[in-house]
file model-v6.csv (CSV, C-alpha atoms)
chain,number,residue,atom,x,y,z
A,1,MET,CA,-7.2,-11.5,3.6
A,2,THR,CA,-10.2,-9.2,3.9
A,3,SER,CA,-10.3,-6.3,6.3
A,4,ARG,CA,-13.0,-7.8,8.5
A,5,THR,CA,-10.8,-10.8,9.3
A,6,ASN,CA,-7.5,-8.9,9.8
A,7,LEU,CA,-8.3,-8.1,13.5
A,8,HIS,CA,-8.9,-11.7,14.3
A,9,ALA,CA,-5.8,-12.9,12.4
A,10,GLU,CA,-3.6,-10.3,14.1
A,11,SER,CA,-4.8,-11.4,17.6
A,12,ARG,CA,-4.0,-15.0,16.7
A,13,ASN,CA,-0.5,-14.2,15.3
A,14,LEU,CA,0.8,-11.9,18.1
A,15,GLY,CA,4.4,-12.8,18.7
A,16,SER,CA,4.9,-14.6,15.4
A,17,PRO,CA,7.4,-13.5,12.7
A,18,ASP,CA,4.5,-12.9,10.3
A,19,ALA,CA,2.8,-10.5,12.7
A,20,SER,CA,6.0,-8.5,13.0
A,21,ALA,CA,6.5,-8.4,9.2
A,22,SER,CA,2.8,-7.4,8.7
A,23,SER,CA,3.2,-4.6,11.3
A,24,ASP,CA,6.4,-3.3,9.6
A,25,LEU,CA,4.6,-3.3,6.2
A,26,GLN,CA,1.6,-1.4,7.6
A,27,HIS,CA,3.9,1.1,9.1
A,28,ARG,CA,5.7,1.5,5.8
A,29,ARG,CA,2.4,2.1,4.0
A,30,GLN,CA,1.3,4.7,6.6
A,31,LEU,CA,4.6,6.5,6.4
A,32,ALA,CA,4.5,6.7,2.6
A,33,VAL,CA,1.0,8.1,2.6
A,34,GLU,CA,1.7,10.5,5.4
A,35,ARG,CA,4.6,11.9,3.5
A,36,TYR,CA,2.4,12.3,0.4
A,37,LEU,CA,-0.2,14.1,2.4
A,38,ASP,CA,2.5,16.3,3.9
A,39,GLY,CA,3.4,17.4,0.3
A,40,ASP,CA,6.4,15.3,-0.6
A,41,SER,CA,6.4,14.4,-4.2
A,42,ILE,CA,5.6,10.9,-5.2
A,43,GLU,CA,9.0,10.6,-7.1
A,44,VAL,CA,10.9,11.6,-4.0
A,45,ILE,CA,9.0,9.3,-1.7
A,46,CYS,CA,9.5,6.3,-4.0
A,47,GLN,CA,13.1,7.0,-4.5
A,48,GLU,CA,13.9,7.4,-0.8
A,49,MET,CA,11.7,4.4,0.3
A,50,GLY,CA,12.7,2.2,-2.6
A,51,CYS,CA,9.1,1.6,-3.8
A,52,THR,CA,7.3,1.9,-7.1
A,53,LYS,CA,4.9,4.6,-8.0
A,54,SER,CA,2.1,2.0,-8.6
A,55,TRP,CA,2.6,0.8,-5.0
A,56,LEU,CA,2.3,4.3,-3.6
A,57,TYR,CA,-0.7,5.1,-5.7
A,58,LYS,CA,-2.4,1.9,-4.6
A,59,TRP,CA,-2.1,2.8,-0.9
A,60,LYS,CA,-2.8,6.5,-1.5
A,61,ASN,CA,-6.1,5.5,-3.1
A,62,ARG,CA,-6.9,3.1,-0.2
A,63,TYR,CA,-6.1,5.7,2.5
A,64,GLN,CA,-9.1,6.6,4.6
A,65,ALA,CA,-8.6,8.9,7.5
A,66,THR,CA,-11.6,7.6,9.4
A,67,ASP,CA,-10.6,3.9,9.1
A,68,PRO,CA,-7.5,3.0,11.1
A,69,GLY,CA,-7.3,-0.3,9.3
A,70,TRP,CA,-6.8,1.1,5.9
A,71,SER,CA,-3.2,0.1,5.6
A,72,GLN,CA,-3.9,-3.6,6.2
A,73,GLU,CA,-3.8,-6.0,3.2

call {"tool": "encode", "arguments": {"input": "model-v6.csv", "output": "structure tokens"}}
result
Amino acid sequence: MTSRTNLHAESRNLGSPDASASSDLQHRRQLAVERYLDGDSIEVICQEMGCTKSWLYKWKNRYQATDPGWSQE
């Protein structure tokens, strides 16, 4: 799903299990990138969060402080 359609999709899916799972995943992405920006090493973040380095690099590269929707798929 493209970013320009995410806002519309979220408003249609409020209350559905998919909306909750999407919100949890976005929070996980945000937390991982925040930890990276705070200086935690990628190895430690991945080990503690149970994610791969490629996953973290993907979201680190997509991070944009001026775009609150950066963590959406």

call {"tool": "atom_distance", "arguments": {"input": "model-v6.csv", "atom1": "atom CA of Gly50 of chain A", "atom2": "atom CA of Thr66 of chain A"}}
result
27.6 Å

call {"tool": "atom_distance", "arguments": {"input": "model-v6.csv", "atom1": "atom CA of Ser20 of chain A", "atom2": "atom CA of Ala32 of chain A"}}
result
18.5 Å

call {"tool": "residues_around", "arguments": {"input": "model-v6.csv", "residues": "Lys53 of chain A", "least_positions_apart": "3", "cutoff": "12 Å", "atoms": "only C-alpha atoms", "output": "list in words"}}
result
Ala32, Val33, Tyr36, Ser41, Ile42, Glu43, Val44, Ile45, Cys46, Gln47, Glu48, Met49, Gly50, Leu56, Tyr57, Lys58, Trp59 and Lys60 of chain A

call {"tool": "atom_distance", "arguments": {"input": "model-v6.csv", "atom1": "atom CA of Ala19 of chain A", "atom2": "atom CA of Leu37 of chain A"}}
result
26.8 Å

call {"tool": "residues_near_point", "arguments": {"input": "model-v6.csv", "point": "(-1.2, -6.2, 2.3)", "cutoff": "9 Å", "atoms": "all atoms listed in the file", "output": "list in words"}}
result
Met1, Ser22, Leu25, Gln26, Ser71, Gln72 and Glu73 of chain A

call {"tool": "closest_residue", "arguments": {"input": "model-v6.csv", "among": "A:Cys51, A:Gln64, A:Gly39, A:Gly69", "to": "Ser23 of chain A", "atoms": "all atoms listed in the file"}}
result
A:Gly69
